[in-house]
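Participant: final_16.tsv is the file, holding TSV, C-alpha atoms:
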chain	number	residue	atom	x	y	z
A	1	MET	CA	175.53	54.15	73.47
A	2	ARG	CA	172.62	55.62	75.38
A	3	LYS	CA	174.73	56.85	78.29
A	4	LYS	CA	176.34	59.69	76.32
A	5	PRO	CA	173.08	61.50	75.43
A	6	LEU	CA	171.87	61.11	79.00
A	7	LEU	CA	175.12	62.48	80.38
A	8	ALA	CA	175.09	65.39	77.95
A	9	SER	CA	171.50	66.37	78.76
A	10	THR	CA	172.23	66.18	82.49
A	11	LEU	CA	175.22	68.51	82.12
A	12	ILE	CA	173.23	70.98	80.03
A	13	ALA	CA	170.39	71.07	82.59
A	14	ALA	CA	172.88	71.66	85.40
A	15	LEU	CA	174.78	74.43	83.61
A	16	ALA	CA	171.82	76.27	82.02
A	17	PRO	CA	170.76	78.32	85.08
A	18	ALA	CA	174.29	79.63	85.49
A	19	ALA	CA	174.79	80.34	81.79
A	20	TRP	CA	171.44	81.87	80.92
A	21	ALA	CA	169.53	84.01	83.40
A	22	GLN	CA	165.75	84.01	83.26
A	23	SER	CA	164.30	87.11	81.58
A	24	SER	CA	160.87	88.41	80.62
A	25	VAL	CA	159.75	90.99	78.07
A	26	GLN	CA	156.36	92.62	78.58
A	27	LEU	CA	154.52	94.74	76.01
A	28	TYR	CA	152.06	97.15	77.66
A	29	GLY	CA	150.07	100.20	76.72
A	30	ILE	CA	147.03	102.44	76.92
A	31	VAL	CA	144.76	103.53	74.08
A	32	ASP	CA	142.55	106.43	75.15
A	33	ALA	CA	140.32	108.59	72.94
A	34	ALA	CA	137.69	111.14	73.90
A	35	ILE	CA	135.43	113.92	72.67
A	36	ARG	CA	136.21	117.22	74.42
A	37	HIS	CA	134.29	120.50	74.23
A	38	THR	CA	135.68	123.76	75.63
A	39	THR	CA	134.47	127.35	75.80
A	40	ASN	CA	136.29	130.68	75.34
A	41	GLU	CA	138.75	129.38	72.77
A	42	GLY	CA	140.67	131.12	69.98
A	43	ALA	CA	142.97	134.14	70.05
A	44	ALA	CA	140.15	136.43	71.19
A	45	GLY	CA	138.67	133.88	73.54
A	46	ASP	CA	135.23	134.24	71.96
A	47	GLY	CA	134.87	130.81	70.36
A	48	LYS	CA	134.00	127.24	71.24
A	49	LEU	CA	135.92	124.12	70.32
A	50	THR	CA	134.78	120.52	69.95
A	51	GLN	CA	137.48	118.00	69.13
A	52	MET	CA	138.51	114.41	69.45
A	53	ILE	CA	141.60	114.10	71.64
A	54	GLY	CA	144.01	111.18	71.78
A	55	GLY	CA	144.09	111.07	75.57
A	56	GLY	CA	141.42	112.18	78.01
A	57	MET	CA	141.88	110.23	81.22
A	58	SER	CA	145.37	109.04	80.18
A	59	GLN	CA	147.80	109.86	77.40
A	60	SER	CA	147.89	107.00	74.90
A	61	ARG	CA	151.14	105.02	74.95
A	62	TRP	CA	152.87	101.74	74.32
A	63	GLY	CA	155.94	100.43	76.05
A	64	ILE	CA	158.25	97.53	76.71
A	65	ASN	CA	159.34	96.38	80.17
A	66	VAL	CA	162.31	94.03	80.42
A	67	THR	CA	163.33	92.12	83.55
A	68	GLU	CA	166.25	89.69	83.78
A	69	ASP	CA	167.02	87.63	86.89
A	70	LEU	CA	170.78	87.75	87.35
A	71	GLY	CA	170.76	85.51	90.41
A	72	GLY	CA	171.46	86.25	94.04
A	73	GLY	CA	168.47	88.59	94.26
A	74	LEU	CA	169.86	90.92	91.55
A	75	LYS	CA	167.78	91.90	88.52
A	76	ALA	CA	168.46	93.87	85.36
A	77	LEU	CA	165.67	96.22	84.24
A	78	ALA	CA	164.92	98.24	81.13
A	79	ASN	CA	161.99	100.32	79.89
A	80	LEU	CA	161.05	102.01	76.62
A	81	GLU	CA	157.81	104.01	76.35
A	82	ASN	CA	156.37	105.98	73.43
A	83	ARG	CA	153.44	108.43	73.67
A	84	PHE	CA	151.02	109.08	70.79
A	85	GLY	CA	147.63	110.57	69.98
A	86	ALA	CA	145.02	107.87	69.45
A	87	ASP	CA	142.87	110.35	67.51
A	88	ASN	CA	145.32	110.69	64.62
A	89	GLY	CA	148.21	108.31	65.32
A	90	THR	CA	150.82	111.05	65.49
A	91	PRO	CA	153.54	111.34	68.16
A	92	ALA	CA	152.34	113.16	71.27
A	93	THR	CA	155.78	114.49	72.18
A	94	ALA	CA	159.03	115.52	70.53
A	95	ASN	CA	160.82	112.69	72.33
A	96	TYR	CA	160.03	109.43	70.53
A	97	PHE	CA	160.55	107.64	73.84
A	98	GLN	CA	159.29	109.54	76.87
A	99	GLN	CA	160.96	106.91	78.99
A	100	SER	CA	164.14	105.10	77.97
A	101	TRP	CA	166.20	103.71	80.81
A	102	VAL	CA	168.16	100.69	82.01
A	103	GLY	CA	169.09	99.70	85.53
A	104	LEU	CA	169.82	97.19	88.26
A	105	GLN	CA	167.64	96.25	91.23
A	106	SER	CA	168.19	94.31	94.42
A	107	ALA	CA	165.83	93.73	97.32
A	108	SER	CA	168.68	94.57	99.68
A	109	PHE	CA	170.30	97.53	97.92
A	110	GLY	CA	167.45	99.21	96.04
A	111	ARG	CA	167.22	100.24	92.39
A	112	LEU	CA	169.58	102.31	90.23
A	113	THR	CA	168.35	103.44	86.79
A	114	LEU	CA	170.02	105.46	84.02
A	115	GLY	CA	168.33	107.32	81.15
A	116	ARG	CA	165.23	109.42	80.50
A	117	GLN	CA	162.70	108.84	83.29
A	118	TYR	CA	160.24	110.41	85.73
A	119	ASN	CA	161.66	112.95	88.17
A	120	VAL	CA	161.28	112.85	91.97
A	121	LEU	CA	158.50	115.50	92.00
A	122	PHE	CA	156.32	113.41	89.72
A	123	ASP	CA	157.18	110.21	91.59
A	124	VAL	CA	156.09	111.45	95.00
A	125	VAL	CA	152.87	113.13	93.83
A	126	THR	CA	151.58	110.28	91.66
A	127	SER	CA	152.46	107.58	94.21
A	128	THR	CA	151.38	109.43	97.35
A	129	TYR	CA	148.63	112.02	96.74
A	130	ALA	CA	147.48	111.62	93.16
A	131	SER	CA	144.29	113.41	92.11
A	132	PHE	CA	142.38	110.19	91.38
A	133	PRO	CA	143.09	106.73	92.84
A	134	TYR	CA	142.51	104.98	89.47
A	135	SER	CA	144.57	107.49	87.44
A	136	PRO	CA	147.24	109.86	88.83
A	137	TYR	CA	145.57	112.83	87.11
A	138	PHE	CA	143.13	113.62	84.31
A	139	ASP	CA	145.45	114.03	81.32
A	140	ALA	CA	143.37	116.62	79.44
A	141	PHE	CA	143.23	118.90	82.50
A	142	LYS	CA	146.20	118.63	84.86
A	143	PRO	CA	147.29	121.86	86.61
A	144	GLU	CA	149.72	119.98	88.86
A	145	ILE	CA	151.98	119.08	85.91
A	146	GLY	CA	152.89	122.78	85.53
A	147	PHE	CA	154.64	122.50	88.91
A	148	SER	CA	156.60	119.30	88.29
A	149	LEU	CA	159.45	120.68	86.13
A	150	SER	CA	158.28	118.73	83.07
A	151	ALA	CA	157.71	115.50	85.09
A	152	ARG	CA	160.71	113.83	83.39
A	153	ALA	CA	164.39	114.51	82.84
A	154	SER	CA	166.92	113.22	80.34
A	155	ASN	CA	170.39	111.88	81.18
A	156	MET	CA	169.17	111.01	84.67
A	157	LEU	CA	170.66	108.73	87.30
A	158	LYS	CA	168.02	107.81	89.88
A	159	TYR	CA	168.38	105.67	92.99
A	160	VAL	CA	165.37	104.41	94.98
A	161	ILE	CA	165.32	102.22	98.08
A	162	ASP	CA	162.51	100.85	100.26
A	163	TYR	CA	162.76	100.21	103.98
A	164	GLY	CA	159.46	98.84	105.25
A	165	PRO	CA	156.81	101.54	104.73
A	166	LEU	CA	159.46	104.15	103.86
A	167	ARG	CA	160.72	104.87	100.36
A	168	ALA	CA	163.52	107.30	99.51
A	169	GLY	CA	164.80	108.41	96.12
A	170	VAL	CA	167.46	110.72	94.73
A	171	GLN	CA	168.17	111.92	91.19
A	172	TYR	CA	170.93	113.70	89.30
A	173	SER	CA	171.35	114.58	85.65
A	174	PRO	CA	174.18	116.56	84.01
A	175	SER	CA	173.45	119.30	81.49
A	176	GLU	CA	176.12	118.03	79.06
A	177	ASP	CA	176.78	121.71	78.18
A	178	ALA	CA	173.46	121.99	76.33
A	179	PRO	CA	172.40	125.60	75.55
A	180	THR	CA	169.05	124.83	77.19
A	181	GLY	CA	170.73	123.59	80.37
A	182	GLY	CA	169.19	120.56	82.00
A	183	ARG	CA	171.27	119.78	85.06
A	184	THR	CA	168.98	118.55	87.84
A	185	ALA	CA	169.32	117.31	91.40
A	186	GLY	CA	166.58	116.22	93.75
A	187	ALA	CA	165.31	113.82	96.38
A	188	TYR	CA	162.04	112.54	97.83
A	189	LEU	CA	160.78	110.64	100.85
A	190	ARG	CA	157.42	108.93	101.33
A	191	TYR	CA	155.68	106.83	103.97
A	192	ALA	CA	152.73	104.55	103.22
A	193	ALA	CA	150.92	102.14	105.58
A	194	ASP	CA	147.35	101.29	106.64
A	195	GLY	CA	145.71	103.54	104.05
A	196	LEU	CA	147.81	106.59	104.94
A	197	ALA	CA	150.47	108.00	102.61
A	198	VAL	CA	152.54	111.15	103.13
A	199	GLY	CA	155.56	112.43	101.25
A	200	GLY	CA	157.57	115.34	99.96
A	201	ALA	CA	160.20	116.13	97.34
A	202	PHE	CA	162.67	118.83	96.32
A	203	GLN	CA	164.25	119.30	92.91
A	204	ASN	CA	166.05	122.00	90.93
A	205	TYR	CA	166.72	122.67	87.25
A	206	VAL	CA	169.72	124.69	86.03
A	207	PHE	CA	169.15	126.76	82.86
A	208	GLY	CA	171.70	127.28	80.11
A	209	SER	CA	172.78	130.59	81.63
A	210	GLY	CA	173.55	128.93	84.94
A	211	ARG	CA	170.45	130.39	86.61
A	212	LYS	CA	168.31	127.97	88.57
A	213	ILE	CA	164.69	127.17	89.40
A	214	GLU	CA	163.91	125.30	92.61
A	215	ALA	CA	160.73	123.31	93.23
A	216	TRP	CA	159.26	121.46	96.18
A	217	THR	CA	156.03	119.63	97.01
A	218	LEU	CA	154.47	118.14	100.13
A	219	GLY	CA	151.23	116.25	100.65
A	220	GLY	CA	149.39	113.11	101.59
A	221	SER	CA	146.34	110.91	101.10
A	222	TYR	CA	144.12	108.62	103.15
A	223	ARG	CA	141.98	105.69	102.04
A	224	VAL	CA	139.20	104.44	104.30
A	225	ASN	CA	136.49	102.05	103.14
A	226	ARG	CA	135.23	103.53	99.86
A	227	TRP	CA	136.63	107.03	100.44
A	228	TYR	CA	139.85	108.56	99.17
A	229	PHE	CA	141.07	111.95	100.45
A	230	ASN	CA	144.16	113.82	99.28
A	231	ALA	CA	145.81	117.21	99.67
A	232	GLY	CA	149.09	118.83	98.74
A	233	ILE	CA	151.04	122.05	98.30
A	234	GLY	CA	153.96	123.01	96.08
A	235	GLN	CA	156.13	125.85	94.82
A	236	ASN	CA	158.39	126.77	91.90
A	237	LYS	CA	160.87	129.61	92.52
A	238	VAL	CA	163.43	131.11	90.12
A	239	VAL	CA	166.53	131.94	92.15
A	240	ASP	CA	167.70	135.60	92.14
A	241	GLY	CA	164.81	137.22	90.28
A	242	LEU	CA	163.46	137.14	86.74
A	243	LEU	CA	165.15	135.28	83.90
A	244	THR	CA	166.33	137.44	80.99
A	245	ALA	CA	168.02	135.12	78.47
A	246	PRO	CA	165.58	134.12	75.65
A	247	VAL	CA	166.65	130.45	75.83
A	248	ASP	CA	165.99	130.38	79.58
A	249	LEU	CA	162.60	132.05	79.14
A	250	ALA	CA	161.60	129.49	76.52
A	251	ILE	CA	162.47	126.65	78.90
A	252	LEU	CA	160.56	128.27	81.77
A	253	SER	CA	157.55	128.68	79.49
A	254	SER	CA	157.62	124.97	78.65
A	255	LEU	CA	157.99	124.02	82.31
A	256	TRP	CA	155.03	126.13	83.40
A	257	SER	CA	152.74	125.68	80.38
A	258	GLY	CA	152.88	121.93	79.88
A	259	THR	CA	152.47	120.49	76.40
A	260	SER	CA	148.85	121.33	75.59
A	261	PRO	CA	146.51	124.33	75.94
A	262	ALA	CA	144.03	121.93	77.58
A	263	ASN	CA	146.33	121.17	80.50
A	264	GLY	CA	144.70	123.54	82.96
A	265	ASN	CA	147.23	126.35	83.12
A	266	PHE	CA	147.48	130.01	82.11
A	267	GLY	CA	149.70	132.46	80.26
A	268	GLY	CA	149.38	136.06	79.16
A	269	PRO	CA	151.39	139.21	80.07
A	270	ALA	CA	151.88	138.04	83.66
A	271	PHE	CA	153.21	134.66	82.63
A	272	LEU	CA	156.94	135.38	82.32
A	273	ALA	CA	156.90	138.50	84.49
A	274	ALA	CA	156.76	136.16	87.50
A	275	ASP	CA	159.54	134.30	89.27
A	276	LYS	CA	157.43	132.28	91.70
A	277	ARG	CA	154.40	130.01	91.45
A	278	GLN	CA	152.56	128.30	94.29
A	279	ILE	CA	149.81	125.67	94.33
A	280	ALA	CA	147.47	124.15	96.90
A	281	LYS	CA	145.26	121.20	96.03
A	282	VAL	CA	142.62	119.12	97.75
A	283	GLY	CA	140.52	116.26	96.45
A	284	VAL	CA	138.09	113.49	97.32
A	285	GLY	CA	137.06	110.23	95.69
A	286	TYR	CA	134.28	107.76	96.38
A	287	GLN	CA	133.82	104.23	95.01
A	288	ILE	CA	130.06	103.84	94.61
A	289	THR	CA	130.29	100.27	93.29
A	290	PRO	CA	133.23	98.02	92.37
A	291	GLN	CA	132.88	99.43	88.84
A	292	LEU	CA	131.94	103.07	89.40
A	293	ASN	CA	134.24	105.74	90.88
A	294	LEU	CA	133.58	109.43	91.42
A	295	GLY	CA	136.25	112.03	92.08
A	296	ALA	CA	136.65	115.81	92.40
A	297	HIS	CA	139.71	118.01	92.77
A	298	LEU	CA	140.24	121.70	93.49
A	299	PHE	CA	143.47	123.61	92.73
A	300	ARG	CA	144.36	127.16	93.77
A	301	THR	CA	147.47	128.68	92.21
A	302	LYS	CA	149.23	131.99	92.68
A	303	GLN	CA	152.15	133.57	90.87
A	304	SER	CA	154.16	136.68	91.74
A	305	GLY	CA	157.22	138.62	90.62
A	306	PRO	CA	159.38	141.62	91.48
A	307	THR	CA	156.54	143.92	90.33
A	308	VAL	CA	152.76	143.67	90.29
A	309	ALA	CA	152.98	142.88	86.54
A	310	GLY	CA	153.75	139.29	87.45
A	311	ASP	CA	150.87	138.82	89.88
A	312	ALA	CA	148.06	136.46	88.91
A	313	ARG	CA	145.80	133.86	90.48
A	314	ALA	CA	143.92	130.88	89.11
A	315	THR	CA	141.34	128.44	90.40
A	316	PHE	CA	140.96	125.07	88.70
A	317	PHE	CA	138.28	122.47	89.41
A	318	VAL	CA	137.84	119.04	87.85
A	319	MET	CA	135.43	116.20	88.57
A	320	ALA	CA	135.12	112.85	86.85
A	321	ALA	CA	133.09	109.65	86.88
A	322	ASP	CA	134.83	106.47	85.73
A	323	TYR	CA	133.04	103.17	85.01
A	324	ALA	CA	134.98	99.93	84.60
A	325	LEU	CA	133.49	97.89	81.77
A	326	SER	CA	136.10	95.20	82.48
A	327	LYS	CA	139.47	94.89	84.18
A	328	ARG	CA	141.11	96.60	81.20
A	329	THR	CA	138.46	98.89	79.69
A	330	ASP	CA	136.69	101.85	81.27
A	331	ALA	CA	134.45	104.70	80.12
A	332	TYR	CA	134.49	108.14	81.73
A	333	VAL	CA	132.86	111.56	81.76
A	334	GLU	CA	134.55	114.69	83.09
A	335	LEU	CA	133.93	118.39	83.55
A	336	ASP	CA	136.39	121.11	84.47
A	337	THR	CA	136.49	124.85	84.94
A	338	THR	CA	139.21	127.52	85.03
A	339	ARG	CA	138.89	130.96	86.67
A	340	LEU	CA	141.66	133.58	86.39
A	341	LYS	CA	142.46	136.82	88.22
A	342	GLY	CA	145.17	139.34	87.34
A	343	ASP	CA	146.89	140.09	84.04
A	344	ALA	CA	146.77	136.50	82.82
A	345	ASN	CA	145.26	134.82	79.79
A	346	LEU	CA	143.69	131.46	79.20
A	347	ASN	CA	146.04	129.15	77.33
A	348	GLY	CA	145.60	129.63	73.60
A	349	THR	CA	144.21	133.19	73.88
A	350	THR	CA	146.25	136.33	73.23
A	351	SER	CA	143.92	139.32	73.18
A	352	ALA	CA	144.23	141.75	76.08
A	353	GLY	CA	141.20	141.97	78.33
A	354	GLY	CA	139.89	138.63	77.11
A	355	PRO	CA	137.73	136.21	79.10
A	356	ARG	CA	138.91	135.00	82.47
A	357	SER	CA	137.09	131.67	82.55
A	358	ARG	CA	136.78	128.46	80.58
A	359	ASN	CA	134.67	125.31	80.94
A	360	GLY	CA	135.54	121.90	79.56
A	361	TYR	CA	133.52	118.72	79.08
A	362	THR	CA	134.98	115.34	78.13
A	363	ILE	CA	133.61	111.85	77.46
A	364	GLY	CA	135.88	108.97	76.46
A	365	VAL	CA	136.96	105.35	76.54
A	366	ARG	CA	140.26	103.94	77.74
A	367	HIS	CA	141.73	100.46	77.18
A	368	ARG	CA	144.83	99.15	78.95
A	369	PHE	CA	146.80	96.13	77.80
Please express the file's structure as structure tokens.
Facilitator:
Amino acid sequence: MRKKPLLASTLIAALAPAAWAQSSVQLYGIVDAAIRHTTNEGAAGDGKLTQMIGGGMSQSRWGINVTEDLGGGLKALANLENRFGADNGTPATANYFQQSWVGLQSASFGRLTLGRQYNVLFDVVTSTYASFPYSPYFDAFKPEIGFSLSARASNMLKYVIDYGPLRAGVQYSPSEDAPTGGRTAGAYLRYAADGLAVGGAFQNYVFGSGRKIEAWTLGGSYRVNRWYFNAGIGQNKVVDGLLTAPVDLAILSSLWSGTSPANGNFGGPAFLAADKRQIAKVGVGYQITPQLNLGAHLFRTKQSGPTVAGDARATFFVMAADYALSKRTDAYVELDTTRLKGDANLNGTTSAGGPRSRNGYTIGVRHRF
């Protein structure tokens, strides 16, 4: 009588690995809140603003990572990620999930993912020559995001493969006949070994009218002892002159402005009279102690158009000190400054002949889980 249960349990143990693959579900997130003070605010640019923001060093988020071992070195992957403001609990973006993708990965054949995800411009910058080694950029002041074509794309197929120190990736997304367009194509290549990382990427975006913007970036970083050095350049160029369709102009404005007036960018009369923007950036970081990091970053940007009405220049500078209270919690202080030249306005100001500079000061706490 005892042989039957033993036989049954033996068969179940033998068949289980083939019938049910091993999977894991990971809940992760960041909760970041800070007090930020800025000068030259308001429509006339003559005010000051002190506010609590729901993301200083990083935008607050929660997400779910899923990994399933399918056997033979093949894995199934999925990711869902929501962004929110920790200051008031409201959604930070119109998209409930800023990432929502599923895919397959193999050590031999690379990774293929489908859905809303980071684009190749964002991938190469944040993995290769990010502004700060402990955070790709300072979320409340991030001029580089205005050159990354929104950093993400919907309806995307992305393929990434590693070969030793080399990594290559390509992306494509159809527009699905949306009035706002959205078809993208791009690729990137990076090399990383012995503290050195270099890489570059190219990507385009096709507007609803069929017109196109093309973007590229190139840069690198070097880590030696406690030092971190990084530099990069990039360009956005609208093909065949200025856009004229209102829907296209609205999309270009969102690509170049980012999602917040605090993002370290500029608008004004010159903003949409330009068809090209260029950026050069250089930065340095130093780890004073295992807990304390210092970093500084300088950005120079230039825009131009068919006439001088589109010409403008901007200089952005940000420096931050970050102190790790534990492996998951850190406190930080930051200061930044913006200087404009040409017929451009600070974000959030509209009066002609307004101020051409703004200073920002931020102190906050970030917890990662």
Participant: Near Thr126 in chain A, within 10 Å and counting all atoms listed in the file, which residues show up once chain neighbours fewer than 6 positions away are dropped, as a list in words?
Facilitator: Phe132, Pro133, Ser135, Pro136 and Tyr137 of chain A
Participant: Looking at A:Ala324, A:Ile53, A:Leu157, A:Val124, which one is nearest to Ala192 in chain A, with distances taken over all atoms listed in the file?
Facilitator: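 Looking only at the distances to Ala192 in chain A, the closest residue turns out to be A:Val124.
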Participant: Of the residues A:Ser106, A:Thr93, A:Gln98, A:Gln171, which is the one nearest to Ala76 in chain A, using only C-alpha atoms?
Facilitator: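 With only C-alpha atoms as the atom set, the closest residue is A:Ser106.
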Participant: From the options A:Met156, A:Ala312, A:Leu249, A:Ala168, which residue's atoms come nearest to Lys341 in chain A, counting all atoms listed in the file?
Facilitator: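 Nearest to Lys341 in chain A: A:Ala312.
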Participant: Measuring atom to atom with all atoms listed in the file, identify which of A:Leu325, A:Ala215, A:Ala78, A:Ala280 is nearest to Phe147 in chain A.
Facilitator: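 Of all the options, A:Ala215 lies closest to Phe147 in chain A.
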Participant: So which one's closest to Asn347 in chain A, A:Gly268, A:Gly47, A:Pro306, A:Gly54? Using only C-alpha atoms, please.
Facilitator: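 Going through A:Gly268, A:Gly47, A:Pro306, A:Gly54 one by one, the smallest distance to Asn347 in chain A is for A:Gly268.
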Participant: Give as a PyMOL selection string each residue that has an atom at most 10 Å from (149.0, 125.9, 94.8) in the file, counting all atoms listed in the file.
Facilitator: chain A and resi 143-144+147+217+232-236+277-282+298-303+313-315
Participant: Measuring atom to atom with all atoms listed in the file, identify which of A:Asn95, A:Gln26, A:Thr128, A:Thr307 is nearest to Glu68 in chain A.
Facilitator: A:Gln26
Participant: CA of Arg358 in chain A and CA of Thr90 in chain A are how many Å apart?
Facilitator: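 Separation of CA of Arg358 in chain A and CA of Thr90 in chain A: 27.0 Å.
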Participant: Around (149.2, 100.1, 76.6) in the file's own coordinates, what residues are found within 10 Å if you use all atoms listed in the file, given back as a list of chain:residue names?
Facilitator: A:Leu27, A:Tyr28, A:Gly29, A:Ile30, A:Val31, A:Asp32, A:Gln59, A:Ser60, A:Arg61, A:Trp62, A:Gly63, A:Ile64, A:Glu81, A:Asn82, A:Arg83, A:Arg328, A:Arg366, A:His367, A:Arg368, A:Phe369
Participant: Quick one: write out the picked residues with C-alpha atoms as a JSON list (two decimals), keeping the file's coordinate frame?
Facilitator:
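File result-v5.json, as written:
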[["chain", "number", "residue", "atom", "x", "y", "z"],
["A", 27, "LEU", "CA", 154.52, 94.74, 76.01],
["A", 28, "TYR", "CA", 152.06, 97.15, 77.66],
["A", 29, "GLY", "CA", 150.07, 100.20, 76.72],
["A", 30, "ILE", "CA", 147.03, 102.44, 76.92],
["A", 31, "VAL", "CA", 144.76, 103.53, 74.08],
["A", 32, "ASP", "CA", 142.55, 106.43, 75.15],
["A", 59, "GLN", "CA", 147.80, 109.86, 77.40],
["A", 60, "SER", "CA", 147.89, 107.00, 74.90],
["A", 61, "ARG", "CA", 151.14, 105.02, 74.95],
["A", 62, "TRP", "CA", 152.87, 101.74, 74.32],
["A", 63, "GLY", "CA", 155.94, 100.43, 76.05],
["A", 64, "ILE", "CA", 158.25, 97.53, 76.71],
["A", 81, "GLU", "CA", 157.81, 104.01, 76.35],
["A", 82, "ASN", "CA", 156.37, 105.98, 73.43],
["A", 83, "ARG", "CA", 153.44, 108.43, 73.67],
["A", 328, "ARG", "CA", 141.11, 96.60, 81.20],
["A", 366, "ARG", "CA", 140.26, 103.94, 77.74],
["A", 367, "HIS", "CA", 141.73, 100.46, 77.18],
["A", 368, "ARG", "CA", 144.83, 99.15, 78.95],
["A", 369, "PHE", "CA", 146.80, 96.13, 77.80]]
Participant: Just how far from CA of Ala245 in chain A is CA of Asn119 in chain A, in Å to one decimal?
Facilitator: 25.0 Å
Participant: Between CA of Gly199 in chain A and CA of Tyr286 in chain A, what is the spacing in Å?
Facilitator: 22.3 Å
Participant: Name the residues in contact with Lys158 in chain A at a cut-off of 9 Å, using all atoms listed in the file, excluding same-chain residues fewer than 4 positions from it; report them as a PyMOL selection string.
Facilitator: chain A and resi 111-115+117+119-120+169-173
Participant: Report as JSON, numbers by chain all protein, DNA and RNA residues lying within 12 Å of Arg36 in chain A, evaluated on only C-alpha atoms, omitting residues in the same chain fewer than 6 positions from it.
Facilitator: {"A": [48, 49, 50, 51, 52, 53, 54, 55, 56, 57, 87, 139, 140, 141, 262, 332, 333, 334, 335, 336, 359, 360, 361, 362, 363, 364]}
Participant: For range 188-304 of chain A versus range 177-180 of chain A, which residues have an atom no more than 12 Å away, and what is each residue's nearest atom pair and distance in Å rounded to one decimal, using all atoms listed in the file, chain-then-number order, as JSON lines?
Facilitator:
{"residue": "A:Tyr205", "atom": "CA", "partner": "A:Thr180", "partner_atom": "CA", "distance": 10.5}
{"residue": "A:Val206", "atom": "CA", "partner": "A:Thr180", "partner_atom": "CA", "distance": 8.9}
{"residue": "A:Phe207", "atom": "CA", "partner": "A:Thr180", "partner_atom": "CA", "distance": 6.0}
{"residue": "A:Gly208", "atom": "CA", "partner": "A:Thr180", "partner_atom": "CA", "distance": 4.6}
{"residue": "A:Ser209", "atom": "CA", "partner": "A:Pro179", "partner_atom": "CA", "distance": 7.9}
{"residue": "A:Gly210", "atom": "CA", "partner": "A:Thr180", "partner_atom": "CA", "distance": 9.9}
{"residue": "A:Arg211", "atom": "CA", "partner": "A:Thr180", "partner_atom": "CA", "distance": 11.0}
{"residue": "A:Lys212", "atom": "CA", "partner": "A:Thr180", "partner_atom": "CA", "distance": 11.8}
{"residue": "A:Ala245", "atom": "CA", "partner": "A:Thr180", "partner_atom": "CA", "distance": 10.4}
{"residue": "A:Pro246", "atom": "CA", "partner": "A:Thr180", "partner_atom": "CA", "distance": 10.0}
{"residue": "A:Val247", "atom": "CA", "partner": "A:Thr180", "partner_atom": "CA", "distance": 6.3}
{"residue": "A:Asp248", "atom": "CA", "partner": "A:Thr180", "partner_atom": "CA", "distance": 6.8}
{"residue": "A:Leu249", "atom": "CA", "partner": "A:Thr180", "partner_atom": "CA", "distance": 9.9}
{"residue": "A:Ala250", "atom": "CA", "partner": "A:Thr180", "partner_atom": "CA", "distance": 8.8}
{"residue": "A:Ile251", "atom": "CA", "partner": "A:Thr180", "partner_atom": "CA", "distance": 7.0}
{"residue": "A:Leu252", "atom": "CA", "partner": "A:Thr180", "partner_atom": "CA", "distance": 10.2}
{"residue": "A:Ser254", "atom": "CA", "partner": "A:Thr180", "partner_atom": "CA", "distance": 11.5}
Participant: Please provide the set of residues having any atom within 6 Å of range 320-323 of chain A, restricted to only C-alpha atoms, with same-chain residues fewer than 5 positions apart removed, written as a list of chain:residue names.
Facilitator: A:Gln291, A:Leu292, A:Asn293, A:Leu294, A:Gly295, A:Asp330, A:Ala331, A:Tyr332, A:Val333, A:Glu334
Participant: Would you mind completing range 133-142 of chain A to N, CA and C atoms and writing the output as a short mmCIF file (atom, residue, chain, number, x, y, z; two decimals), in the coordinates of the input?
Facilitator:
data_model
loop_
_atom_site.label_atom_id
_atom_site.label_comp_id
_atom_site.auth_asym_id
_atom_site.auth_seq_id
_atom_site.Cartn_x
_atom_site.Cartn_y
_atom_site.Cartn_z
N PRO A 133 142.44 107.99 92.47
CA PRO A 133 143.09 106.73 92.84
C PRO A 133 143.25 105.75 91.68
N TYR A 134 142.45 105.88 90.62
CA TYR A 134 142.51 104.98 89.47
C TYR A 134 143.29 105.59 88.31
N SER A 135 143.75 106.83 88.45
CA SER A 135 144.57 107.49 87.44
C SER A 135 145.25 108.66 88.15
N PRO A 136 146.57 108.81 88.04
CA PRO A 136 147.24 109.86 88.83
C PRO A 136 146.65 111.26 88.63
N TYR A 137 146.17 111.54 87.42
CA TYR A 137 145.57 112.83 87.11
C TYR A 137 144.74 112.67 85.86
N PHE A 138 143.89 113.64 85.55
CA PHE A 138 143.13 113.62 84.31
C PHE A 138 143.99 114.29 83.25
N ASP A 139 144.41 113.56 82.23
CA ASP A 139 145.45 114.03 81.32
C ASP A 139 145.06 115.30 80.57
N ALA A 140 143.78 115.46 80.22
CA ALA A 140 143.37 116.62 79.44
C ALA A 140 143.24 117.88 80.28
N PHE A 141 143.36 117.74 81.61
CA PHE A 141 143.23 118.90 82.50
C PHE A 141 144.03 118.58 83.76
N LYS A 142 145.28 119.06 83.80
CA LYS A 142 146.20 118.63 84.86
C LYS A 142 147.06 119.80 85.33
#
